[in-house]
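A.B. asks: I'm passing along start01.cif; it holds mmCIF, C-alpha atoms and all ligand atoms.
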data_final
loop_
_atom_site.group_PDB
_atom_site.id
_atom_site.type_symbol
_atom_site.label_atom_id
_atom_site.label_comp_id
_atom_site.auth_asym_id
_atom_site.auth_seq_id
_atom_site.Cartn_x
_atom_site.Cartn_y
_atom_site.Cartn_z
ATOM 1 C CA MET A 250 179.415 136.833 49.222
ATOM 2 C CA LYS A 251 179.075 135.928 45.533
ATOM 3 C CA LYS A 252 182.372 135.573 43.657
ATOM 4 C CA LYS A 253 182.843 138.018 40.803
ATOM 5 C CA ILE A 254 183.387 136.195 37.518
ATOM 6 C CA VAL A 255 185.474 137.428 34.592
ATOM 7 C CA ILE A 256 185.342 135.453 31.362
ATOM 8 C CA ALA A 257 187.718 135.978 28.448
ATOM 9 C CA ASN A 258 185.885 135.122 25.258
ATOM 10 C CA TRP A 259 188.671 134.956 22.713
ATOM 11 C CA LYS A 260 186.288 134.215 19.822
ATOM 12 C CA MET A 261 188.282 133.247 16.679
ATOM 13 C CA ASN A 262 191.535 134.793 17.898
ATOM 14 C CA HIS A 263 194.878 133.462 19.181
ATOM 15 C CA ASP A 264 196.745 130.591 17.555
ATOM 16 C CA PHE A 265 198.533 127.780 19.389
ATOM 17 C CA TYR A 266 201.564 129.862 20.357
ATOM 18 C CA GLU A 267 199.519 132.886 21.456
ATOM 19 C CA THR A 268 197.129 130.740 23.479
ATOM 20 C CA THR A 269 199.784 128.773 25.333
ATOM 21 C CA SER A 270 202.043 131.730 26.083
ATOM 22 C CA PHE A 271 199.089 133.851 27.291
ATOM 23 C CA LEU A 272 197.998 131.097 29.667
ATOM 24 C CA ARG A 273 201.508 130.496 31.006
ATOM 25 C CA ASN A 274 201.921 134.227 31.682
ATOM 26 C CA LEU A 275 198.497 134.389 33.295
ATOM 27 C CA LEU A 276 199.368 131.506 35.609
ATOM 28 C CA LYS A 277 202.623 133.145 36.544
ATOM 29 C CA PHE A 278 200.839 136.386 37.361
ATOM 30 C CA PHE A 279 198.208 134.637 39.487
ATOM 31 C CA PHE A 280 200.878 132.764 41.342
ATOM 32 C CA GLU A 281 203.082 135.793 41.995
ATOM 33 C CA LYS A 282 200.327 138.248 42.877
ATOM 34 C CA LYS A 283 198.286 135.730 44.832
ATOM 35 C CA ILE A 284 195.064 136.985 43.236
ATOM 36 C CA ASN A 285 192.427 136.587 45.909
ATOM 37 C CA ASN A 286 189.816 133.917 45.668
ATOM 38 C CA LYS A 287 186.920 136.357 45.566
ATOM 39 C CA LYS A 288 187.088 136.152 41.770
ATOM 40 C CA LYS A 289 186.706 133.402 39.304
ATOM 41 C CA VAL A 290 188.506 133.695 35.976
ATOM 42 C CA ILE A 291 187.398 131.650 32.984
ATOM 43 C CA ILE A 292 189.149 131.594 29.609
ATOM 44 C CA ALA A 293 187.380 130.495 26.434
ATOM 45 C CA PRO A 294 189.982 129.671 23.749
ATOM 46 C CA SER A 295 189.207 128.085 20.387
ATOM 47 C CA PHE A 296 188.360 124.377 20.179
ATOM 48 C CA PRO A 297 191.764 123.135 18.916
ATOM 49 C CA PHE A 298 193.554 124.571 21.942
ATOM 50 C CA LEU A 299 191.210 123.527 24.745
ATOM 51 C CA HIS A 300 193.120 120.328 25.450
ATOM 52 C CA ILE A 301 196.560 121.903 25.778
ATOM 53 C CA SER A 302 195.005 124.822 27.694
ATOM 54 C CA ASN A 303 193.534 122.382 30.170
ATOM 55 C CA GLN A 304 196.912 120.736 30.653
ATOM 56 C CA ILE A 305 198.559 124.107 31.251
ATOM 57 C CA LEU A 306 195.949 125.241 33.788
ATOM 58 C CA GLN A 307 195.745 121.864 35.571
ATOM 59 C CA GLY A 308 195.765 122.327 39.346
ATOM 60 C CA SER A 309 195.260 126.114 39.146
ATOM 61 C CA SER A 310 192.200 128.159 40.076
ATOM 62 C CA LEU A 311 191.791 129.269 36.458
ATOM 63 C CA ASN A 312 188.963 127.690 34.498
ATOM 64 C CA LEU A 313 188.193 127.014 30.845
ATOM 65 C CA ALA A 314 185.046 127.175 28.762
ATOM 66 C CA ALA A 315 184.229 126.127 25.209
ATOM 67 C CA GLN A 316 182.675 128.746 22.924
ATOM 68 C CA ASN A 317 180.041 126.413 21.502
ATOM 69 C CA ILE A 318 178.783 122.830 21.289
ATOM 70 C CA CYS A 319 176.693 120.969 18.757
ATOM 71 C CA GLN A 320 173.020 120.480 19.590
ATOM 72 C CA MET A 321 173.264 116.882 18.371
ATOM 73 C CA GLU A 322 174.768 114.197 20.536
ATOM 74 C CA LYS A 323 176.958 112.385 17.972
ATOM 75 C CA GLY A 324 177.053 111.157 14.390
ATOM 76 C CA SER A 325 177.334 112.495 10.858
ATOM 77 C CA TYR A 326 177.559 116.228 11.478
ATOM 78 C CA THR A 327 180.706 117.272 9.633
ATOM 79 C CA GLY A 328 182.669 119.984 11.337
ATOM 80 C CA GLU A 329 180.796 119.897 14.635
ATOM 81 C CA VAL A 330 182.067 119.292 18.172
ATOM 82 C CA SER A 331 179.948 117.409 20.692
ATOM 83 C CA ALA A 332 179.457 117.847 24.418
ATOM 84 C CA SER A 333 180.855 114.364 25.079
ATOM 85 C CA MET A 334 184.044 115.148 23.104
ATOM 86 C CA LEU A 335 184.645 118.239 25.216
ATOM 87 C CA LYS A 336 183.867 116.361 28.381
ATOM 88 C CA SER A 337 186.421 113.707 27.429
ATOM 89 C CA ILE A 338 189.172 116.362 27.499
ATOM 90 C CA GLY A 339 188.019 117.766 30.824
ATOM 91 C CA ILE A 340 185.966 120.751 29.656
ATOM 92 C CA HIS A 341 182.822 121.362 31.705
ATOM 93 C CA LYS A 342 181.770 124.882 30.823
ATOM 94 C CA VAL A 343 180.309 126.289 27.633
ATOM 95 C CA ILE A 344 179.186 129.679 26.308
ATOM 96 C CA LEU A 345 175.844 129.432 24.505
ATOM 97 C CA GLY A 346 173.537 131.963 22.878
ATOM 98 C CA HIS A 347 176.245 134.456 21.882
ATOM 99 C CA SER A 348 174.869 137.017 19.435
ATOM 100 C CA GLU A 349 177.647 136.186 16.945
ATOM 101 C CA ARG A 350 176.452 132.551 16.898
ATOM 102 C CA ARG A 351 172.879 133.779 16.473
ATOM 103 C CA LYS A 352 173.805 136.210 13.684
ATOM 104 C CA TYR A 353 176.448 134.419 11.607
ATOM 105 C CA PHE A 354 175.490 130.798 12.246
ATOM 106 C CA TYR A 355 171.725 131.223 12.422
ATOM 107 C CA GLU A 356 171.314 129.818 15.915
ATOM 108 C CA THR A 357 167.683 130.364 16.828
ATOM 109 C CA ASN A 358 166.169 130.084 20.290
ATOM 110 C CA ASP A 359 164.929 126.602 19.272
ATOM 111 C CA ILE A 360 168.449 125.448 18.422
ATOM 112 C CA LEU A 361 169.807 127.072 21.559
ATOM 113 C CA LEU A 362 167.310 125.232 23.722
ATOM 114 C CA LYS A 363 168.547 121.945 22.209
ATOM 115 C CA LYS A 364 172.141 122.987 22.941
ATOM 116 C CA ILE A 365 171.188 123.835 26.530
ATOM 117 C CA LYS A 366 169.582 120.429 27.000
ATOM 118 C CA ILE A 367 172.570 118.524 25.582
ATOM 119 C CA ALA A 368 174.978 120.610 27.658
ATOM 120 C CA LEU A 369 172.956 119.849 30.795
ATOM 121 C CA LYS A 370 172.793 116.154 29.935
ATOM 122 C CA TYR A 371 176.602 116.073 29.950
ATOM 123 C CA GLY A 372 176.860 118.077 33.161
ATOM 124 C CA PHE A 373 178.141 121.338 31.679
ATOM 125 C CA HIS A 374 177.922 124.693 33.407
ATOM 126 C CA ILE A 375 176.338 127.033 30.900
ATOM 127 C CA ILE A 376 177.127 130.690 30.351
ATOM 128 C CA PHE A 377 174.068 131.880 28.452
ATOM 129 C CA CYS A 378 174.053 135.172 26.522
ATOM 130 C CA ILE A 379 171.100 137.407 25.757
ATOM 131 C CA GLY A 380 170.764 140.994 24.548
ATOM 132 C CA GLU A 381 169.037 143.375 22.175
ATOM 133 C CA THR A 382 170.119 145.141 18.959
ATOM 134 C CA ALA A 383 170.548 148.913 18.617
ATOM 135 C CA LEU A 384 167.262 149.169 16.722
ATOM 136 C CA GLU A 385 165.384 147.249 19.396
ATOM 137 C CA ARG A 386 166.753 149.603 22.055
ATOM 138 C CA GLU A 387 165.865 152.631 19.938
ATOM 139 C CA LYS A 388 162.286 151.343 19.886
ATOM 140 C CA ASN A 389 162.496 150.747 23.651
ATOM 141 C CA GLU A 390 161.897 147.030 23.105
ATOM 142 C CA GLN A 391 164.967 145.806 24.999
ATOM 143 C CA PHE A 392 162.999 144.421 27.943
ATOM 144 C CA LEU A 393 160.551 142.564 25.707
ATOM 145 C CA ILE A 394 163.373 141.077 23.631
ATOM 146 C CA VAL A 395 165.370 139.847 26.586
ATOM 147 C CA LYS A 396 162.251 138.353 28.174
ATOM 148 C CA LYS A 397 161.401 136.516 24.948
ATOM 149 C CA GLN A 398 164.950 135.171 24.649
ATOM 150 C CA LEU A 399 164.683 133.765 28.169
ATOM 151 C CA GLU A 400 161.178 132.391 27.755
ATOM 152 C CA GLU A 401 162.170 130.486 24.630
ATOM 153 C CA THR A 402 165.381 129.035 26.056
ATOM 154 C CA VAL A 403 166.500 128.733 29.673
ATOM 155 C CA PHE A 404 162.994 129.134 31.071
ATOM 156 C CA HIS A 405 162.285 125.657 29.693
ATOM 157 C CA CYS A 406 164.656 124.309 32.337
ATOM 158 C CA SER A 407 163.803 123.072 35.800
ATOM 159 C CA LEU A 408 164.925 124.787 38.980
ATOM 160 C CA GLU A 409 167.607 122.154 39.401
ATOM 161 C CA GLU A 410 168.830 122.593 35.834
ATOM 162 C CA ILE A 411 169.378 126.322 36.222
ATOM 163 C CA SER A 412 171.108 126.040 39.572
ATOM 164 C CA ASP A 413 174.593 126.470 38.029
ATOM 165 C CA LEU A 414 173.583 128.742 35.183
ATOM 166 C CA ILE A 415 175.573 131.918 34.570
ATOM 167 C CA MET A 416 173.699 134.571 32.603
ATOM 168 C CA ALA A 417 175.389 137.191 30.448
ATOM 169 C CA TYR A 418 173.657 140.348 29.282
ATOM 170 C CA GLU A 419 175.404 141.436 26.107
ATOM 171 C CA PRO A 420 173.654 144.295 24.307
ATOM 172 C CA ILE A 421 174.525 143.664 20.651
ATOM 173 C CA TRP A 422 175.123 147.363 20.005
ATOM 174 C CA ALA A 423 177.895 147.298 22.584
ATOM 175 C CA ILE A 424 179.777 144.242 21.318
ATOM 176 C CA GLY A 425 183.046 145.139 19.629
ATOM 177 C CA THR A 426 181.851 148.714 19.032
ATOM 178 C CA GLY A 427 183.624 150.560 21.831
ATOM 179 C CA LYS A 428 180.155 151.756 22.922
ATOM 180 C CA THR A 429 179.558 150.370 26.411
ATOM 181 C CA ALA A 430 176.228 150.423 28.193
ATOM 182 C CA SER A 431 176.427 152.922 31.032
ATOM 183 C CA PRO A 432 176.677 151.303 34.470
ATOM 184 C CA GLU A 433 173.104 152.540 35.148
ATOM 185 C CA GLU A 434 171.726 151.146 31.876
ATOM 186 C CA ALA A 435 173.401 147.809 32.502
ATOM 187 C CA GLN A 436 172.285 147.703 36.142
ATOM 188 C CA THR A 437 168.662 148.410 35.135
ATOM 189 C CA MET A 438 168.701 145.517 32.691
ATOM 190 C CA HIS A 439 170.480 143.176 35.088
ATOM 191 C CA ARG A 440 167.928 143.925 37.793
ATOM 192 C CA TYR A 441 165.155 143.263 35.306
ATOM 193 C CA ILE A 442 166.699 139.937 34.243
ATOM 194 C CA ARG A 443 167.037 138.911 37.880
ATOM 195 C CA SER A 444 163.420 139.875 38.523
ATOM 196 C CA LEU A 445 162.327 137.579 35.678
ATOM 197 C CA PHE A 446 164.247 134.700 37.274
ATOM 198 C CA ILE A 447 162.714 135.533 40.663
ATOM 199 C CA ASP A 448 159.196 135.403 39.167
ATOM 200 C CA LYS A 449 159.930 132.083 37.497
ATOM 201 C CA TYR A 450 162.194 130.274 39.999
ATOM 202 C CA GLY A 451 161.921 132.167 43.294
ATOM 203 C CA GLU A 452 164.281 134.397 45.225
ATOM 204 C CA THR A 453 166.752 131.957 46.708
ATOM 205 C CA ILE A 454 168.231 130.686 43.477
ATOM 206 C CA SER A 455 167.824 133.923 41.521
ATOM 207 C CA LYS A 456 169.682 136.047 44.037
ATOM 208 C CA LYS A 457 172.564 133.585 43.960
ATOM 209 C CA MET A 458 172.709 133.574 40.161
ATOM 210 C CA SER A 459 175.612 135.411 38.524
ATOM 211 C CA ILE A 460 174.595 137.840 35.798
ATOM 212 C CA LEU A 461 177.578 139.120 33.827
ATOM 213 C CA TYR A 462 177.753 142.135 31.567
ATOM 214 C CA GLY A 463 179.444 141.952 28.145
ATOM 215 C CA GLY A 464 180.048 144.577 25.475
ATOM 216 C CA SER A 465 183.152 146.763 25.102
ATOM 217 C CA ILE A 466 184.371 146.222 28.644
ATOM 218 C CA ASN A 467 187.863 147.639 29.050
ATOM 219 C CA ASP A 468 190.344 148.395 31.789
ATOM 220 C CA LEU A 469 188.841 151.886 32.242
ATOM 221 C CA ASN A 470 185.138 151.096 32.503
ATOM 222 C CA ALA A 471 185.238 147.693 34.229
ATOM 223 C CA ARG A 472 185.356 148.955 37.800
ATOM 224 C CA ASN A 473 182.245 151.124 37.463
ATOM 225 C CA LEU A 474 180.311 148.365 35.764
ATOM 226 C CA PHE A 475 181.356 145.679 38.256
ATOM 227 C CA SER A 476 180.442 147.853 41.226
ATOM 228 C CA GLN A 477 176.751 147.807 40.300
ATOM 229 C CA GLU A 478 174.619 145.711 42.606
ATOM 230 C CA ASP A 479 173.340 143.249 40.018
ATOM 231 C CA ILE A 480 176.466 143.038 37.854
ATOM 232 C CA ASP A 481 178.413 140.007 38.977
ATOM 233 C CA GLY A 482 181.316 140.304 36.573
ATOM 234 C CA GLY A 483 181.981 140.474 32.867
ATOM 235 C CA LEU A 484 182.265 138.613 29.603
ATOM 236 C CA VAL A 485 185.145 140.270 27.796
ATOM 237 C CA GLY A 486 185.998 140.079 24.100
ATOM 238 C CA ASN A 487 188.639 142.394 22.586
ATOM 239 C CA SER A 488 190.133 143.537 25.866
ATOM 240 C CA SER A 489 190.770 139.953 26.931
ATOM 241 C CA LEU A 490 193.217 139.362 24.085
ATOM 242 C CA GLU A 491 196.061 141.350 25.619
ATOM 243 C CA ILE A 492 197.216 140.055 28.940
ATOM 244 C CA GLU A 493 197.963 143.452 30.507
ATOM 245 C CA LYS A 494 194.502 144.810 29.687
ATOM 246 C CA PHE A 495 192.818 141.617 30.770
ATOM 247 C CA LEU A 496 194.642 141.562 34.098
ATOM 248 C CA LYS A 497 193.592 145.139 34.799
ATOM 249 C CA ILE A 498 189.991 144.100 34.219
ATOM 250 C CA VAL A 499 190.397 141.090 36.515
ATOM 251 C CA GLN A 500 191.807 143.362 39.205
ATOM 252 C CA SER A 501 188.863 145.769 38.863
HETATM 253 P P1 LIG B 1 183.835 142.969 23.175
HETATM 254 O O1 LIG B 1 184.373 143.009 24.585
HETATM 255 O O2 LIG B 1 184.901 142.873 22.144
HETATM 256 O O3 LIG B 1 182.838 144.040 22.942
HETATM 257 O O4 LIG B 1 183.030 141.580 23.049
HETATM 258 C C1 LIG B 1 182.104 141.250 24.006
HETATM 259 C C2 LIG B 1 181.673 139.856 23.793
HETATM 260 O O5 LIG B 1 181.066 139.551 22.781
HETATM 261 C C3 LIG B 1 182.028 138.860 24.799
HETATM 262 O O6 LIG B 1 181.364 137.660 24.586
#
Output the file's structure in the form of structure tokens.
Ligand code: 13P
C.D. replies:
Amino acid sequence: MKKKIVIANWKMNHDFYETTSFLRNLLKFFFEKKINNKKKVIIAPSFPFLHISNQILQGSSLNLAAQNICQMEKGSYTGEVSASMLKSIGIHKVILGHSERRKYFYETNDILLKKIKIALKYGFHIIFCIGETALEREKNEQFLIVKKQLEETVFHCSLEEISDLIMAYEPIWAIGTGKTASPEEAQTMHRYIRSLFIDKYGETISKKMSILYGGSINDLNARNLFSQEDIDGGLVGNSSLEIEKFLKIVQS
């Protein structure tokens, strides 16, 4: 059976103290409650705290991911963080394609493809986000949009390159709005995304691929979302910032 995956995307939240105390409490909880190994929990703190976070979680079943990497390998790119830098502190997972990166930092599908290729070159596991805006859904274009996002990015990868890929469907209208996609709406889109992977890469790999849902997941709606056939877990923003809420989601 596929492991359910829950990812806490902390975005630009939590300072040093908040990050370290959250992780210590999380570890304690996992240890005491013996959380079963049918789930995989990944935390994505901000860049400055990845190193200390890795030291805290060393030897545990909890994982870390970076929220971004630079599409360039190294050199004069002030303010950027490279894949090799992250690798040198033991980080091997990265979230790419998030709609906030696309919107506020102008990351196009072209740029994202470069980021994917660099991440793969350095052996990263990629969590790749796609999703439509409210207007696109109103016009019933959500399937076209998601297909285009895939065709211009991950579909440029080989079968081997996508073997560890985690996909995340994050409808933009649901991110940080409190408006979640209904379990049926999300399931329909997840099934569609999986069908696109099946057409491109075949059944074996596509059925094994984890497709997560993201967008206003909370402790009340998580269970219904996660029980859908093609929803393999969640990418959680706001509700991952408070440990009690996050743990309820993990236990869903
Ligand atoms: P919210 O859970 O705050 O809607 O954010 C979702 C998200 O963007 C996760 O990457």
A.B. asks: For the atom pair CA of Asn467 in chain A and atom O1 of ligand LIG 1 (chain B), what is the interatomic distance in Å to one decimal place?
C.D. replies: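 The value is 7.3 Å.
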A.B. asks: Using all atoms listed in the file, which of the listed residues (A:Leu369, A:Ile256, A:Ala417, A:Leu345) sits closest to Ile460 in chain A?
C.D. replies: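 Comparing A:Leu369, A:Ile256, A:Ala417, A:Leu345 against Ile460 in chain A, the winner is A:Ala417.
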A.B. asks: Quick one: residues within 9 Å of ligand LIG 1 (chain B), with all atoms listed in the file, as number ranges by chain?
C.D. replies: A: 256-260, 344, 347-349, 378, 417, 419-429, 462-467, 483-489
A.B. asks: Give as an MDAnalysis selection string the residues that the PyMOL selection byres (((chain A and resi 477) around 10) and not hetatm) matches when applied to the coordinates above.
C.D. replies: chainID A and resid 432:433 435:437 439:440 472:476 478:482
A.B. asks: List, as number ranges by chain, every residue that the PyMOL selection byres (((chain A and resi 400) around 12) and not hetatm) selects in the file provided.
C.D. replies: A: 358-359, 361-362, 379, 393-399, 401-406, 442, 445-446, 448-449
A.B. asks: So how many Å separate CA of His300 in chain A and CA of Tyr371 in chain A, to one decimal?
C.D. replies: 17.6 Å
A.B. asks: Selection in question (the file shown): the PyMOL selection byres (((chain A and resi 316-330) around 9) and not hetatm). Which residues does it include, as an mmCIF file with C-alpha atoms, keeping the file's coordinate frame?
C.D. replies:
data_model
loop_
_atom_site.group_PDB
_atom_site.id
_atom_site.type_symbol
_atom_site.label_atom_id
_atom_site.label_comp_id
_atom_site.auth_asym_id
_atom_site.auth_seq_id
_atom_site.Cartn_x
_atom_site.Cartn_y
_atom_site.Cartn_z
ATOM 1 C CA ASN A 258 185.885 135.122 25.258
ATOM 2 C CA TRP A 259 188.671 134.956 22.713
ATOM 3 C CA LYS A 260 186.288 134.215 19.822
ATOM 4 C CA ALA A 293 187.380 130.495 26.434
ATOM 5 C CA PRO A 294 189.982 129.671 23.749
ATOM 6 C CA SER A 295 189.207 128.085 20.387
ATOM 7 C CA PHE A 296 188.360 124.377 20.179
ATOM 8 C CA ALA A 314 185.046 127.175 28.762
ATOM 9 C CA ALA A 315 184.229 126.127 25.209
ATOM 10 C CA SER A 331 179.948 117.409 20.692
ATOM 11 C CA ALA A 332 179.457 117.847 24.418
ATOM 12 C CA SER A 333 180.855 114.364 25.079
ATOM 13 C CA MET A 334 184.044 115.148 23.104
ATOM 14 C CA LEU A 335 184.645 118.239 25.216
ATOM 15 C CA LYS A 342 181.770 124.882 30.823
ATOM 16 C CA VAL A 343 180.309 126.289 27.633
ATOM 17 C CA ILE A 344 179.186 129.679 26.308
ATOM 18 C CA LEU A 345 175.844 129.432 24.505
ATOM 19 C CA GLY A 346 173.537 131.963 22.878
ATOM 20 C CA HIS A 347 176.245 134.456 21.882
ATOM 21 C CA ARG A 350 176.452 132.551 16.898
ATOM 22 C CA ILE A 360 168.449 125.448 18.422
ATOM 23 C CA LEU A 361 169.807 127.072 21.559
ATOM 24 C CA LEU A 362 167.310 125.232 23.722
ATOM 25 C CA LYS A 363 168.547 121.945 22.209
ATOM 26 C CA LYS A 364 172.141 122.987 22.941
ATOM 27 C CA ILE A 365 171.188 123.835 26.530
ATOM 28 C CA LYS A 366 169.582 120.429 27.000
ATOM 29 C CA ILE A 367 172.570 118.524 25.582
ATOM 30 C CA ALA A 368 174.978 120.610 27.658
#
A.B. asks: Using all atoms listed in the file, list the residues that have an atom at most 8 Å from (189.2, 143.0, 37.9), coordinates as in the file, as a short mmCIF file (atom, residue, chain, number, x, y, z; two decimals) with C-alpha atoms, in the coordinates of the input.
C.D. replies:
data_model
loop_
_atom_site.label_atom_id
_atom_site.label_comp_id
_atom_site.auth_asym_id
_atom_site.auth_seq_id
_atom_site.Cartn_x
_atom_site.Cartn_y
_atom_site.Cartn_z
CA VAL A 255 185.47 137.43 34.59
CA ALA A 471 185.24 147.69 34.23
CA ARG A 472 185.36 148.96 37.80
CA LEU A 496 194.64 141.56 34.10
CA LYS A 497 193.59 145.14 34.80
CA ILE A 498 189.99 144.10 34.22
CA VAL A 499 190.40 141.09 36.52
CA GLN A 500 191.81 143.36 39.20
CA SER A 501 188.86 145.77 38.86
#
A.B. asks: Which residues are near range 270-277 of chain A? Cut-off 10 Å, all atoms listed in the file, ignore same chain within fewer than 2 positions. Put them as a PyMOL selection string.
C.D. replies: chain A and resi 263+265-268+279-283+292+302-303+305-306+309-311+490-493+495-496
A.B. asks: Determine, counting only C-alpha atoms, which protein, DNA and RNA residues have an atom within 12 Å of an atom of Thr453 in chain A; residues of the same chain fewer than 3 positions away are not included. Present the result as a list in words.
C.D. replies: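 Here the qualifying residues turn out to be Leu408, Ser412, Arg443, Ser444, Phe446, Ile447, Asp448, Lys449, Tyr450, Lys456, Lys457 and Met458 of chain A.
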A.B. asks: Check the smallest atom-to-atom distance from each of A:Ile338, A:Met438, A:Met416, A:Lys253 to Gln307 in chain A using all atoms listed in the file, then report the winner.
C.D. replies: A:Ile338
A.B. asks: CA of Ser407 in chain A and CA of Gly372 in chain A, how far apart in Å?
C.D. replies: 14.2 Å
A.B. asks: Nearest to Ile254 in chain A among A:Arg386, A:Lys370, A:Pro297, A:Ile376, with distances taken over only C-alpha atoms: which residue is it?
C.D. replies: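 Smallest separation from Ile254 in chain A among the options: A:Ile376.
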